[in-house]
>>> print(open('target_4.txt').read())   # compact mmCIF, C-alpha atoms and all ligand atoms
# COMPACT_ATOMS: atom_id res chain seq x y z
CA MET A 19 60.97 -21.97 -52.91
CA PRO A 20 58.30 -19.26 -52.60
CA GLY A 21 58.70 -16.49 -55.17
CA LYS A 22 57.94 -12.82 -55.15
CA PHE A 23 54.26 -12.15 -54.70
CA GLY A 24 53.25 -8.86 -56.30
CA THR A 25 50.53 -6.53 -55.09
CA PRO A 26 48.89 -3.67 -57.00
CA THR A 27 50.70 -1.08 -54.85
CA ASP A 28 54.14 -2.27 -56.07
CA PRO A 29 55.64 0.32 -58.47
CA ASP A 30 56.38 -2.30 -61.16
CA TYR A 31 53.12 -4.27 -60.68
CA ALA A 32 51.47 -3.35 -63.99
CA LEU A 33 54.55 -4.32 -65.97
CA ARG A 34 55.14 -7.58 -64.10
CA LEU A 35 51.45 -8.47 -64.36
CA ALA A 36 51.53 -7.94 -68.13
CA GLU A 37 54.59 -10.23 -68.40
CA PHE A 38 52.94 -12.82 -66.15
CA GLU A 39 49.74 -12.81 -68.20
CA ALA A 40 51.71 -13.01 -71.44
CA ARG A 41 53.48 -16.14 -70.13
CA ILE A 42 50.13 -17.72 -69.33
CA ALA A 43 48.77 -16.76 -72.75
CA ARG A 44 51.79 -18.51 -74.36
CA GLY A 45 50.90 -21.67 -72.41
CA GLU A 46 53.97 -21.49 -70.15
CA LYS A 47 53.71 -22.91 -66.67
CA ILE A 48 54.26 -20.65 -63.67
CA GLU A 49 56.74 -22.36 -61.35
CA PRO A 50 57.61 -21.90 -57.64
CA GLY A 51 60.05 -19.01 -57.33
CA ASP A 52 58.58 -17.15 -60.33
CA TRP A 53 56.99 -13.75 -59.84
CA MET A 54 53.22 -14.00 -59.44
CA PRO A 55 50.43 -11.74 -58.19
CA GLU A 56 49.68 -12.26 -54.50
CA GLU A 57 46.05 -12.86 -55.52
CA TYR A 58 47.14 -15.74 -57.80
CA ARG A 59 49.05 -17.24 -54.90
CA ARG A 60 46.08 -16.77 -52.53
CA GLN A 61 43.64 -18.36 -54.95
CA LEU A 62 45.95 -21.34 -55.52
CA VAL A 63 46.56 -21.90 -51.81
CA ARG A 64 42.79 -21.75 -51.24
CA MET A 65 41.96 -24.20 -54.01
CA ILE A 66 44.85 -26.63 -53.61
CA SER A 67 44.50 -26.86 -49.83
CA GLN A 68 40.73 -27.38 -50.10
CA HIS A 69 41.43 -30.04 -52.68
CA ALA A 70 44.02 -31.76 -50.45
CA HIS A 71 41.60 -31.73 -47.50
CA SER A 72 38.91 -33.20 -49.76
CA GLU A 73 41.11 -36.14 -50.68
CA VAL A 74 41.93 -36.86 -47.05
CA VAL A 75 38.39 -36.39 -45.70
CA GLY A 76 37.22 -38.33 -48.78
CA MET A 77 38.92 -41.43 -47.39
CA LEU A 78 36.38 -41.59 -44.56
CA PRO A 79 33.08 -42.49 -46.30
CA GLU A 80 34.71 -45.34 -48.22
CA GLY A 81 37.15 -46.35 -45.49
CA ALA A 82 34.15 -47.17 -43.30
CA TRP A 83 33.37 -50.11 -45.62
CA ILE A 84 36.80 -51.77 -45.82
CA THR A 85 35.97 -54.22 -43.03
CA ARG A 86 32.58 -54.98 -44.59
CA ALA A 87 33.58 -55.55 -48.23
CA PRO A 88 31.66 -58.53 -49.64
CA SER A 89 34.68 -60.36 -51.15
CA LEU A 90 38.47 -60.42 -51.01
CA LYS A 91 38.65 -58.89 -54.50
CA ARG A 92 36.36 -55.99 -53.58
CA LYS A 93 38.25 -55.45 -50.32
CA MET A 94 41.63 -55.27 -52.09
CA ILE A 95 40.30 -52.80 -54.64
CA LEU A 96 38.79 -50.62 -51.93
CA ILE A 97 41.95 -50.63 -49.79
CA ALA A 98 44.00 -49.61 -52.85
CA LYS A 99 41.54 -46.84 -53.67
CA VAL A 100 41.45 -45.37 -50.17
CA GLN A 101 45.25 -45.52 -50.02
CA ASP A 102 45.42 -43.68 -53.35
CA GLU A 103 43.30 -40.87 -51.90
CA ALA A 104 45.83 -40.45 -49.08
CA GLY A 105 48.57 -40.22 -51.70
CA HIS A 106 46.58 -37.58 -53.61
CA GLY A 107 46.33 -35.56 -50.41
CA GLN A 108 50.12 -35.79 -50.09
CA TYR A 109 50.79 -34.59 -53.67
CA LEU A 110 48.42 -31.69 -53.15
CA TYR A 111 49.75 -30.59 -49.75
CA HIS A 112 53.22 -30.61 -51.33
CA ALA A 113 51.97 -28.52 -54.27
CA ALA A 114 50.44 -25.98 -51.86
CA GLU A 115 53.66 -25.88 -49.79
CA THR A 116 55.52 -24.57 -52.85
CA LEU A 117 53.46 -21.38 -52.40
CA GLY A 118 54.87 -20.67 -48.96
CA ILE A 119 52.19 -22.15 -46.69
CA SER A 120 53.13 -24.94 -44.28
CA ARG A 121 51.45 -28.32 -43.85
CA GLU A 122 50.80 -27.42 -40.20
CA GLU A 123 48.96 -24.21 -41.15
CA MET A 124 46.78 -26.08 -43.62
CA LEU A 125 45.97 -28.86 -41.17
CA GLU A 126 45.19 -26.37 -38.44
CA ALA A 127 42.72 -24.65 -40.78
CA LEU A 128 41.04 -27.99 -41.50
CA LEU A 129 40.89 -29.22 -37.92
CA SER A 130 39.65 -25.89 -36.56
CA GLY A 131 36.81 -25.95 -39.09
CA ARG A 132 37.99 -22.81 -40.93
CA ALA A 133 38.98 -24.60 -44.13
CA LYS A 134 36.55 -25.95 -46.67
CA TYR A 135 36.62 -29.39 -48.25
CA SER A 136 34.31 -30.88 -50.84
CA SER A 137 30.61 -30.92 -49.91
CA ILE A 138 30.28 -34.45 -51.30
CA PHE A 139 32.11 -36.08 -48.39
CA ASN A 140 29.52 -34.89 -45.89
CA TYR A 141 27.02 -37.51 -47.03
CA PRO A 142 26.84 -40.95 -45.40
CA THR A 143 27.66 -44.28 -47.06
CA LEU A 144 24.60 -46.32 -46.06
CA THR A 145 25.08 -49.54 -48.04
CA TRP A 146 27.84 -51.34 -49.94
CA ALA A 147 26.31 -50.11 -53.23
CA ASP A 148 27.36 -46.59 -52.19
CA ILE A 149 30.98 -47.65 -52.70
CA GLY A 150 30.45 -48.47 -56.38
CA THR A 151 28.34 -45.35 -56.82
CA ILE A 152 31.01 -43.09 -55.30
CA GLY A 153 33.52 -44.56 -57.77
CA TRP A 154 31.26 -44.02 -60.75
CA LEU A 155 29.72 -40.66 -59.87
CA VAL A 156 32.06 -38.92 -57.41
CA ASP A 157 35.31 -40.01 -59.05
CA GLY A 158 33.60 -39.41 -62.40
CA ALA A 159 32.83 -35.80 -61.44
CA ALA A 160 36.29 -35.37 -59.88
CA ILE A 161 37.98 -36.56 -63.10
CA LYS A 162 36.02 -34.15 -65.28
CA ASN A 163 37.14 -31.30 -63.01
CA GLN A 164 40.70 -32.55 -62.62
CA THR A 165 41.37 -33.21 -66.32
CA MET A 166 40.53 -29.55 -66.74
CA LEU A 167 42.88 -28.63 -63.87
CA ALA A 168 45.68 -30.72 -65.39
CA GLN A 169 45.92 -27.85 -67.93
CA CYS A 170 46.27 -25.34 -65.07
CA SER A 171 48.87 -22.58 -65.36
CA TYR A 172 50.62 -23.43 -62.06
CA GLY A 173 53.20 -26.17 -62.76
CA PRO A 174 53.11 -28.13 -59.46
CA TYR A 175 49.28 -28.27 -59.39
CA SER A 176 49.07 -29.21 -63.04
CA ARG A 177 51.61 -32.05 -62.65
CA ALA A 178 49.90 -33.35 -59.50
CA MET A 179 46.63 -33.43 -61.47
CA VAL A 180 48.15 -35.54 -64.26
CA ARG A 181 49.25 -38.21 -61.76
CA ILE A 182 46.00 -38.04 -59.81
CA CYS A 183 43.81 -38.34 -62.92
CA ALA A 184 45.61 -41.53 -63.95
CA GLU A 185 44.69 -43.13 -60.62
CA GLU A 186 41.18 -41.67 -60.54
CA THR A 187 40.51 -43.31 -63.89
CA PHE A 188 40.95 -46.69 -62.22
CA HIS A 189 38.68 -45.57 -59.36
CA HIS A 190 36.02 -44.54 -61.84
CA LYS A 191 36.22 -47.83 -63.78
CA GLN A 192 35.95 -50.03 -60.71
CA GLY A 193 32.90 -48.08 -59.52
CA LYS A 194 31.21 -48.33 -62.88
CA GLU A 195 31.94 -52.06 -63.11
CA MET A 196 30.46 -52.60 -59.66
CA VAL A 197 27.24 -50.66 -60.28
CA ILE A 198 26.72 -52.37 -63.65
CA ALA A 199 27.19 -55.78 -61.96
CA TYR A 200 24.58 -54.92 -59.31
CA ALA A 201 22.20 -53.45 -61.90
CA LYS A 202 22.31 -56.87 -63.64
CA GLY A 203 22.26 -58.81 -60.36
CA THR A 204 19.55 -59.98 -57.96
CA PRO A 205 16.48 -57.78 -57.29
CA LYS A 206 18.03 -56.84 -53.92
CA GLN A 207 21.34 -55.80 -55.53
CA ARG A 208 19.49 -53.82 -58.15
CA GLN A 209 17.40 -52.08 -55.53
CA MET A 210 20.54 -51.18 -53.55
CA ALA A 211 22.24 -49.78 -56.65
CA GLN A 212 19.17 -47.69 -57.51
CA ASP A 213 18.89 -46.36 -53.97
CA ALA A 214 22.57 -45.36 -54.00
CA ILE A 215 22.27 -43.61 -57.38
CA ASN A 216 19.18 -41.77 -56.11
CA ARG A 217 21.07 -40.46 -53.08
CA TRP A 218 24.40 -39.55 -54.79
CA TRP A 219 23.25 -38.07 -58.11
CA TRP A 220 22.37 -34.57 -56.90
CA PRO A 221 25.32 -34.21 -54.48
CA ALA A 222 27.62 -35.26 -57.37
CA LEU A 223 26.22 -32.45 -59.53
CA MET A 224 26.63 -30.00 -56.63
CA MET A 225 30.24 -30.93 -55.93
CA LEU A 226 31.27 -29.25 -59.19
CA GLY A 227 30.51 -25.90 -57.56
CA PRO A 228 27.75 -23.28 -57.73
CA HIS A 229 26.28 -22.04 -61.01
CA ASP A 230 28.64 -19.72 -62.88
CA ALA A 231 26.57 -16.67 -61.92
CA ASP A 232 27.14 -17.51 -58.22
CA SER A 233 30.81 -18.44 -58.52
CA PRO A 234 32.82 -15.40 -57.34
CA ASN A 235 36.24 -17.03 -57.86
CA SER A 236 35.77 -18.24 -61.43
CA GLU A 237 36.49 -14.98 -63.21
CA VAL A 238 40.01 -14.47 -61.88
CA LEU A 239 40.79 -18.21 -61.95
CA ILE A 240 39.83 -18.43 -65.63
CA ARG A 241 41.69 -15.19 -66.46
CA TRP A 242 44.89 -16.65 -64.96
CA GLY A 243 44.46 -20.10 -66.45
CA VAL A 244 43.89 -21.96 -63.18
CA LYS A 245 40.44 -23.13 -64.19
CA THR A 246 40.16 -23.49 -67.92
CA LYS A 247 36.40 -24.18 -67.86
CA SER A 248 33.52 -22.86 -65.77
CA ASN A 249 31.65 -24.89 -63.13
CA ASP A 250 28.55 -25.23 -65.33
CA THR A 251 30.60 -26.34 -68.35
CA VAL A 252 32.29 -29.11 -66.36
CA ARG A 253 28.93 -30.10 -64.84
CA GLN A 254 27.41 -30.36 -68.33
CA GLU A 255 30.29 -32.57 -69.49
CA PHE A 256 29.77 -34.82 -66.48
CA ILE A 257 26.03 -35.18 -67.10
CA ASN A 258 26.48 -35.74 -70.84
CA GLU A 259 28.76 -38.70 -70.15
CA HIS A 260 27.10 -40.21 -67.10
CA ALA A 261 23.35 -39.77 -67.65
CA PRO A 262 23.13 -41.94 -70.78
CA GLU A 263 25.49 -44.57 -69.34
CA ILE A 264 23.50 -44.94 -66.12
CA LEU A 265 20.20 -45.05 -68.01
CA ALA A 266 21.68 -47.75 -70.28
CA THR A 267 22.06 -50.05 -67.25
CA GLY A 268 18.27 -49.91 -66.76
CA LEU A 269 18.66 -47.83 -63.59
CA SER A 270 16.93 -44.45 -63.44
CA LEU A 271 18.07 -40.99 -62.36
CA PRO A 272 16.17 -39.03 -59.69
CA ASP A 273 15.42 -36.06 -61.95
CA PRO A 274 12.01 -36.03 -63.69
CA GLU A 275 13.11 -33.07 -65.83
CA LEU A 276 16.26 -34.73 -67.20
CA HIS A 277 16.15 -34.79 -71.00
CA GLN A 278 18.42 -34.50 -74.00
CA ASP A 279 18.12 -31.26 -75.96
CA PRO A 280 18.39 -31.04 -79.78
CA GLN A 281 22.12 -30.16 -79.44
CA GLY A 282 22.70 -33.46 -77.61
CA ASN A 283 23.18 -31.97 -74.13
CA TRP A 284 21.44 -33.69 -71.22
CA ARG A 285 19.54 -30.95 -69.38
CA HIS A 286 18.90 -31.29 -65.66
CA GLY A 287 16.13 -29.96 -63.41
CA PRO A 288 16.74 -27.39 -60.65
CA ILE A 289 19.58 -28.10 -58.22
CA ASN A 290 18.83 -27.62 -54.53
CA TRP A 291 21.44 -24.93 -53.81
CA GLU A 292 19.98 -24.35 -50.37
CA GLU A 293 21.09 -27.86 -49.46
CA PHE A 294 24.51 -27.25 -51.04
CA TRP A 295 25.21 -24.07 -49.05
CA SER A 296 23.96 -25.68 -45.87
CA VAL A 297 26.45 -28.55 -46.37
CA VAL A 298 29.26 -26.12 -47.27
CA GLY A 299 28.37 -24.12 -44.15
CA GLY A 300 28.98 -27.13 -41.90
CA ASN A 301 25.42 -28.41 -41.52
CA GLY A 302 25.37 -31.43 -43.83
CA PRO A 303 24.45 -34.91 -42.61
CA MET A 304 28.03 -35.90 -41.73
CA ASN A 305 30.03 -32.65 -41.32
CA LYS A 306 30.49 -33.01 -37.57
CA GLU A 307 31.43 -36.70 -37.75
CA ARG A 308 33.95 -36.09 -40.54
CA LEU A 309 35.78 -33.34 -38.66
CA GLU A 310 35.66 -35.32 -35.43
CA ALA A 311 37.23 -38.32 -37.21
CA ARG A 312 40.02 -36.16 -38.64
CA ARG A 313 40.71 -34.57 -35.24
CA ARG A 314 40.83 -37.99 -33.59
CA ALA A 315 43.21 -39.31 -36.26
CA HIS A 316 45.45 -36.27 -35.79
CA THR A 317 45.60 -36.70 -32.01
CA GLU A 318 46.09 -40.45 -32.15
CA GLY A 319 48.75 -40.01 -34.85
CA ALA A 320 50.87 -37.64 -32.76
CA TRP A 321 53.29 -40.45 -31.88
CA VAL A 322 54.01 -41.05 -35.59
CA ARG A 323 54.99 -37.40 -36.10
CA GLU A 324 57.12 -37.50 -32.95
CA ALA A 325 58.81 -40.72 -34.05
CA LEU A 326 59.58 -39.22 -37.47
CA GLU A 327 61.10 -36.12 -35.87
CA ALA A 328 63.20 -38.25 -33.50
CA TYR A 329 64.40 -40.39 -36.41
CA ALA A 330 65.26 -37.33 -38.51
CA ALA A 331 67.20 -35.82 -35.57
CA LYS A 332 69.13 -39.08 -35.11
CA LYS A 333 70.05 -39.21 -38.81
CA SER A 334 70.88 -35.53 -39.08
CA PRO A 335 74.63 -34.70 -38.91
CA ILE A 336 73.70 -31.32 -37.38
CA PRO A 337 71.90 -31.50 -34.00
CA MET A 338 68.32 -30.29 -34.45
CA ALA A 339 66.92 -27.55 -32.23
CA VAL A 340 64.13 -28.98 -30.04
N1 LIG B 401 32.29 -28.06 -51.64
O1 LIG B 401 33.65 -19.41 -56.62
P1 LIG B 401 33.36 -20.88 -56.53
C1 LIG B 401 37.57 -35.91 -55.17
C2 LIG B 401 32.96 -23.04 -52.34
S1 LIG B 401 38.30 -34.40 -54.97
C3 LIG B 401 32.64 -27.12 -50.75
O2 LIG B 401 32.75 -21.54 -57.70
P2 LIG B 401 35.84 -22.21 -57.04
C4 LIG B 401 38.46 -37.12 -55.27
C5 LIG B 401 34.27 -22.45 -52.86
O3 LIG B 401 35.37 -22.99 -52.16
C6 LIG B 401 36.93 -33.27 -54.80
N2 LIG B 401 32.81 -25.81 -51.07
O4 LIG B 401 34.70 -21.64 -56.10
C7 LIG B 401 37.90 -38.20 -54.45
C8 LIG B 401 34.05 -20.99 -52.63
O5 LIG B 401 34.30 -20.66 -51.27
P3 LIG B 401 35.64 -19.84 -50.80
C9 LIG B 401 37.43 -31.91 -54.58
C10 LIG B 401 32.61 -25.49 -52.37
O6 LIG B 401 36.97 -22.57 -56.19
C11 LIG B 401 36.91 -39.02 -54.93
C12 LIG B 401 32.55 -20.83 -52.83
O7 LIG B 401 31.97 -22.12 -52.69
N3 LIG B 401 37.92 -31.34 -55.81
O8 LIG B 401 36.41 -35.93 -55.19
C13 LIG B 401 32.27 -26.43 -53.33
O9 LIG B 401 36.05 -21.29 -58.19
C14 LIG B 401 36.40 -40.04 -54.14
C15 LIG B 401 32.20 -20.24 -54.19
O10 LIG B 401 32.46 -21.19 -55.24
C16 LIG B 401 38.56 -30.17 -55.81
O11 LIG B 401 38.74 -29.55 -54.79
C17 LIG B 401 32.11 -27.75 -52.94
N4 LIG B 401 31.74 -28.73 -53.78
O12 LIG B 401 35.19 -23.53 -57.69
C18 LIG B 401 38.40 -38.41 -53.18
C19 LIG B 401 39.07 -29.69 -57.15
N5 LIG B 401 32.15 -25.79 -54.52
O13 LIG B 401 36.80 -20.79 -50.95
C20 LIG B 401 37.89 -39.44 -52.38
C21 LIG B 401 39.69 -28.33 -57.06
C22 LIG B 401 32.40 -24.49 -54.28
O14 LIG B 401 35.76 -18.64 -51.71
C23 LIG B 401 36.89 -40.28 -52.89
N6 LIG B 401 38.71 -27.29 -56.84
N7 LIG B 401 32.67 -24.32 -52.99
O15 LIG B 401 35.35 -19.49 -49.37
C24 LIG B 401 37.97 -26.73 -57.81
O16 LIG B 401 38.03 -27.10 -58.98
C25 LIG B 401 37.09 -25.58 -57.42
O17 LIG B 401 37.49 -25.15 -56.15
C26 LIG B 401 35.56 -25.91 -57.41
C27 LIG B 401 34.82 -24.65 -56.90
C28 LIG B 401 35.08 -26.24 -58.83
C29 LIG B 401 35.25 -27.06 -56.47
>>> encode(input="target_4.txt", output="structure tokens")
Amino acid sequence: MPGKFGTPTDPDYALRLAEFEARIARGEKIEPGDWMPEEYRRQLVRMISQHAHSEVVGMLPEGAWITRAPSLKRKMILIAKVQDEAGHGQYLYHAAETLGISREEMLEALLSGRAKYSSIFNYPTLTWADIGTIGWLVDGAAIKNQTMLAQCSYGPYSRAMVRICAEETFHHKQGKEMVIAYAKGTPKQRQMAQDAINRWWWPALMMLGPHDADSPNSEVLIRWGVKTKSNDTVRQEFINEHAPEILATGLSLPDPELHQDPQGNWRHGPINWEEFWSVVGGNGPMNKERLEARRRAHTEGAWVREALEAYAAKKSPIPMAV
């Protein structure tokens, strides 16, 4: 149930805001129906809907390989993973709906190209080794970000994150296992794994968002406990875990400046933010194909929505308005 969304022109805004911020400071969760600033609601709808779209669009690069998996075991794992991503999209659309936006509005924003989704899913999956690499790097980056968001001040988003992180941990492990197997495999497998790491490393760093100095939303999100860490902090945590593990397999990383500093942090070379903003702006290698695939799925799935509505009307004791 949507709550009351306060704006600075409300006579009691300052008082309500102080109470709201005190609740967050005490570690309480904000729940649907509670008073909240309209800007808090807007930021959450923006982030959660983008996140939901990312999960659903994120099914496409991996889904393309289900029919070409090299073994029954790998195929079963991949089907389960792609299905999990659909489920994550569902949890997240539900979480956003608690803020008074409808599923239809969110989908319309995605299909019309107005909504954002993660930059990472606009890159192509060229070989089977990309599937393991997405698990290790993309799910690895997603988990770092989402474990942080599991602490988020908005109850429904925080609880969705806890469930999602549990499943992403499996995604991450299967990817890591696959890349390690190929790194120890035949020269061809090793070459494929290296090529995939070379292509996904930088986009994985970018998916955690622009540098803190170029992140206009971070300040208010951190103030209200939505993000509890900055983009650069999460990125550093991701690199500190993944760089040494990948190097330990004997594979290399495509960053000649990568090194560990005396404090133990793995420092990276310059990120190509021009490429990032071009992808975010709709001009990445696969942006058009991804949106086209989602639009096609929506059109071809119309009969499922109609069937569900007809079934609900049949079951409903009160005749539904058509
Ligand atoms: N792509 O001010 P900030 C996954 C936009 S799930 C596109 O720093 P913020 C699971 C940003 O929206 C991956 N746009 O923004 C999986 C903003 O524009 P706006 C998705 C981006 O929100 C694995 C502008 O730049 N995860 O991978 C990106 O504070 C495998 C300025 O940026 C989430 O969505 C980007 N990478 O921080 C599924 C987690 N980064 O909206 C399938 C939730 C930034 O003002 C297979 N989201 N922008 O017009 C977040 O944690 C945050 O939104 C960040 C960005 C950290 C992504």
>>> atom_distance(input="target_4.txt", atom1="atom C4 of ligand LIG 401 (chain B)", atom2="CA of Asp273 (chain A)")
24.0 Å
>>> residues_near_ligand(input="target_4.txt", ligand="ligand LIG 401 (chain B)", cutoff="7 Å", atoms="all atoms listed in the file", output="PyMOL selection string")
chain A and resi 64-66+68-69+72-73+76-77+103+134-138+152-153+156-157+160+163-164+224-228+230+232-236+239+245+249+298
>>> closest_residue(input="target_4.txt", among="A:Trp220, A:Leu309, A:Arg86, A:Tyr58", to="Glu237 (chain A)", atoms="only C-alpha atoms")
A:Tyr58
>>> atom_distance(input="target_4.txt", atom1="CA of Ser334 (chain A)", atom2="CA of Ala315 (chain A)")
28.1 Å
>>> atom_distance(input="target_4.txt", atom1="CA of Gly118 (chain A)", atom2="CA of Thr317 (chain A)")
25.1 Å
>>> residues_around(input="target_4.txt", residues="Ala147 (chain A)", least_positions_apart="3", cutoff="8 Å", atoms="all atoms listed in the file", output="MDAnalysis selection string")
chainID A and resid 150:151 197 200 207 210:211 214
>>> closest_residue(input="target_4.txt", among="A:Asp52, A:Glu39, A:Glu46, A:Glu255", to="Val238 (chain A)", atoms="only C-alpha atoms")
A:Glu39
>>> closest_residue(input="target_4.txt", among="A:Ala331, A:His229, A:Glu324, A:Gln61", to="Trp291 (chain A)", atoms="only C-alpha atoms")
A:His229
>>> residues_around(input="target_4.txt", residues="region 174-181 of chain A", least_positions_apart="3", cutoff="12 Å", atoms="only C-alpha atoms", output="ChimeraX atom specification")
/A:19,46-51,59,62-63,65-67,69-70,102-103,105-117,160-171,184-188,243-246
>>> closest_residue(input="target_4.txt", among="A:Arg253, A:His71, A:Lys202, A:Arg121", to="Arg285 (chain A)", atoms="all atoms listed in the file")
A:Arg253
